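Report on the structure given below.
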Amino acid sequence: MAKKEILICAGTACLSAGAEEIKDRFEEEIKKLNLTEDYEIKTVISNTGCIGPCSLGPIAIIKDDSTFYGHLKTENVERIVREHLLQGKIVEDLLTEENGEKIEDFKEIRFMKKQKRIALRNTGIIDPNKIEEYIERDGYQALKSVLNNLTPLEVIEEIKNSGLRGRGGAGFPTGMKWSFAHQAEGEQKYIICNADEGDPGAFMDRSILEGDPHSIIEAMIIAGYAIGAEQGYVYVRAEYPLAVKNLKIAIRAAENNGYLGSNIYGSDFSFNLEVRVGAGAFVCGEETALIASIEGKRGQPSTKPPYPANSGLWGKPTVINNVETLANIVPIINQGSDWFSSIGTEKSKGTKVFAVAGDVKNTGLVEVPMGTTLREIIFDIAGGIAEDKGFKAAQIGGPSGGTIPKEYLDLQIDYESVKKVGAIVGSGGLVIMDEDNSMVDVARFFLEFTEDESCGKCTPCRVGTKRMLDILEKILEGKGRRQDLDKLEKLGNTIKETSLCGLGQTAPNPVLSTLKYFREEYETLIKQAEEVN
Amino acid sequence: MAVIKLSALDHIFEKYEEKKGNLIPVLHDIQEEIGYLPVEVQRYASKKLGVAMSKIYGVISFYSFFTTEPKGEHTIGVCMGTACYVKGAEDILNRLKEELEIETGQTTADNKFTMTVTRCLGTCSMAPVIMIDEQVHGNLTAAKIPEVINKY
């Protein structure tokens with residue numbers, strides 16, 4: 001019989017709260033009661049693939065019945081082993097209490113309850129370096145059924161029907177992308193996974209690659225089959241060494257098990273996968289720049305059309321999908337497009353993973369159905385603002401996105417609604433700021449980022465972002481003038497309209513959206529400057 | 001400075017011989033082995049790969065990970081992502097400058113540390129963080145800095 005598992009989170013927050021001692025004590029007690037044959041203690045170790053509710057650490061989950069024990073103390077471990085493991089009785093008084101109620105089930109605690117984990121279904125639960133654990137959770141079954149039962153066109157149809165849209169930022173329908181590349185002429189085609197997760201504040205792709213690399217490999221093989229590509233590349237940024245390592249281990253395991261290579265599952269379809277590591281250039285997340293980088297060139301974007309689906313890597317038809325997008329493919333195949341499209345809003349289907357960080361009580365990755373409100377994410381799941389300060393704004397979508405102020409807390413988060421208020425869902429970075437943050441400084445922070453990362457090809461982006469940054473710095477130094485705000489807006493709009501790629505087209509967003517919602521902060525600084533001079 | 005034995009790099013060129021678009025992987029491996037990419041190495045790579053020297057230099061200067069200067073024994077990357085910034089990354093950076101007596105991009109006199117600022121390391125729930133070589137240190141305060149660097 002397989003051993004029952006006790007999961008102990010060994011994420012950094014839990015470790016610093018004493019998870020190591022808790023684990024030792026569990027081992028001791030289990031040995032004492034001769035339960036070593038029945039129980040196995042598993043620590044979930046990864047900087048980002050941790051279980052999630054960091055503020056409740058140290059925590060243990062009895063996997064069998066998913067009972068959750070939080071704020072554990074070493075002296076309580078003995079009782080859990082004696083009463084729960086030996087006699088099967090949940091230790092009531094050690095359960096976490098929320099709103100006056102004892103919570104037994106891990107899935108019922110506040111941090112998890114409103115989450116719906118599709119893309120993150122395995123992270124923090126399986127050992128990413130053991131392919132058996134992925135296979136146990138129906139891994140590589142979607143691939144098998146695709147190769148045995150579906151034509152490439154049927155696969156594409158299924159993805160189209162699911163309504164899945166690209167999770168990397170632009171929200172382009174994934175099935176359409178695949179169908180363009182499928183239709184494109186050419187023997188040689190490529191599929192690329194864009195894991196160049198450069199937006200500061202976004203870390204879902206890292207977590208998926210570190211915690212569940214096989215789900216990406218399986219999805220890429222399916223995508224390859226659908227469009228007719230036999231070679232894939234995963235382009236991972238150099239800042240993610242653990243993701244690169246786990247991915248390489250997973251690729252080797254998939255090759256050894258016959259999921260990668262020639263004649264997969266006895267079919268006449270063959271597929272190979274290679275990891276390419278970036279070298280520290282934000283713009284390489286833009287697809288034409290990414291292609292240039294894989295080709296061994298400077299990562300500068302090129303004009304579209306031609307689109308990569310027709311002429312991409314080495315001039316061949318190429319599909320580029322983001323990590324989180326690919327993480328949804330296997331569940332769609334396994335559970336059907338109807339199931340997937342029943343989740344979310346009319347035009348934004350499925351879930352979105354948000355990397356919630358900044359001034360909230362519980363930070364971490366949160367996966368919720370599209371259409372969940374900002375208020376639910378911040379106050380129900382993330383537990384509200386740290387130190388019970390006031391909420392000021394949420395910065396969504398990184399340097400390409402914008403800030404959402406208090407009055408839109410009840411905004412439903414989906415591609416269309418967020419765009420309407422002047423931001424973008426983007427990659428899903430969600431940095432929460434309390435009342436102490438200066439929005440002008442936040443805008444400067446992002447502009448400094450894009451100004452530095454501009455590849456220099458287009459003048460509006462290269463020079464324009466520099467000029468905007470100069471003005472912002474001047475304002476922050478107390479030398480601002482009233483006409484500066486008009487200049488910022490004019491420059492911002494020109495850069496948006498005249499830049500070639502997504503970087504330039506979105507670079508002014510953080511400034512424009514703070515000007516829209518927090519103009520008084522700019523004005524106060526300028527007024528102070530005028531009074532001094 | 002030690003003389004670099006160029007032929008000792010040949011195994012890297014062999015490893016990627018068959019691969020298309022191998023320039024960046026080759027440069028990564030060389031830098032990992034000898035720490036930086038000086039002109040003589042660029043010239044050697046140009047000959048080995050049949051790629052123009054100007055193109056190789058163009059790639060090295062475009063990507064922030066590549067360096068033509070030797071680095072210290074350990075590289076400290078101070079994360080300047082949004083979450084770290086909001087949580088006081090600048091204080092961490094200033095304390096490191098004080099402790100190590102160097103500016104960003106410089107190497108300590110004893111050649112032990114090179115300090116850089118990095119883009120978001122994606123460990124935002126532990127913000128502010130620094131990465132020393134490949135190890136992330138999180139939930140930092142300026143006061144914790146001496147303790148962290150003393151480990152190295």
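Ordering of the structure tokens sets the chain letters (A, B, ...), residue numbers begin anew at 1 in every chain, and ligands are numbered from 1 in the order given.
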
Practice problem: Excluding segment 80-94 of chain B and any residue of its chain fewer than 6 positions from it, enumerate the residues within 7 Å of it, using only C-alpha atoms, and give them as a PyMOL selection string. | Solution: (chain A and resi 200-201+357-358+431) or (chain B and resi 117-120+124+127-129+141-142)

Self-check item: At most 10 Å to chain A: residues in chain B, only C-alpha atoms, as a PyMOL selection string
Solution: chain B and resi 20-28+55-66+77+79-87+118-128+131+133-139

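Residues in contact with Ile145 of chain B at 8 Å, where only C-alpha atoms are counted and same-chain residues fewer than 5 positions away are skipped, are listed as Ile92, Arg95, Leu96 and Leu140 of chain B.
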
Self-check item: Sel. of alpha helix (DSSP H) residues, segment 65-139 of chain B, as number ranges by chain
Solution: B: 82-86, 89-100

Please produce a file of the residues just selected, as a tab-separated table (two decimals), in the first residue's frame, where the atoms kept are N, CA and C atoms.
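Generated output (out-v7.tsv):
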```tsv
chain	number	residue	atom	x	y	z
B	82	THR	N	9.10	45.42	-8.70
B	82	THR	CA	8.13	46.32	-8.06
B	82	THR	C	7.90	45.99	-6.60
B	83	ALA	N	7.67	44.70	-6.31
B	83	ALA	CA	7.35	44.32	-4.93
B	83	ALA	C	8.52	44.64	-4.01
B	84	CYS	N	9.73	44.36	-4.48
B	84	CYS	CA	10.92	44.65	-3.66
B	84	CYS	C	11.09	46.15	-3.49
B	85	TYR	N	10.83	46.88	-4.57
B	85	TYR	CA	10.96	48.33	-4.51
B	85	TYR	C	10.01	48.91	-3.47
B	86	VAL	N	8.75	48.45	-3.54
B	86	VAL	CA	7.73	48.93	-2.61
B	86	VAL	C	8.11	48.56	-1.16
B	89	ALA	N	13.69	48.02	-1.27
B	89	ALA	CA	14.92	47.50	-1.88
B	89	ALA	C	16.06	48.52	-1.88
B	90	GLU	N	15.69	49.80	-1.93
B	90	GLU	CA	16.74	50.82	-1.98
B	90	GLU	C	17.55	50.85	-0.69
B	91	ASP	N	16.88	50.61	0.45
B	91	ASP	CA	17.60	50.57	1.73
B	91	ASP	C	18.60	49.41	1.73
B	92	ILE	N	18.16	48.29	1.17
B	92	ILE	CA	19.02	47.11	1.09
B	92	ILE	C	20.26	47.43	0.25
B	93	LEU	N	19.99	48.05	-0.90
B	93	LEU	CA	21.09	48.40	-1.81
B	93	LEU	C	22.08	49.35	-1.13
B	94	ASN	N	21.56	50.36	-0.46
B	94	ASN	CA	22.44	51.32	0.20
B	94	ASN	C	23.28	50.67	1.30
B	95	ARG	N	22.65	49.76	2.05
B	95	ARG	CA	23.38	49.09	3.11
B	95	ARG	C	24.51	48.23	2.52
B	96	LEU	N	24.20	47.55	1.41
B	96	LEU	CA	25.22	46.73	0.76
B	96	LEU	C	26.39	47.59	0.27
B	97	LYS	N	26.05	48.74	-0.29
B	97	LYS	CA	27.10	49.66	-0.76
B	97	LYS	C	28.00	50.05	0.40
B	98	GLU	N	27.37	50.32	1.54
B	98	GLU	CA	28.11	50.72	2.73
B	98	GLU	C	29.01	49.59	3.22
B	99	GLU	N	28.41	48.41	3.34
B	99	GLU	CA	29.14	47.27	3.88
B	99	GLU	C	30.30	46.86	2.98
B	100	LEU	N	30.03	46.84	1.68
B	100	LEU	CA	31.05	46.33	0.76
B	100	LEU	C	31.96	47.44	0.23
```
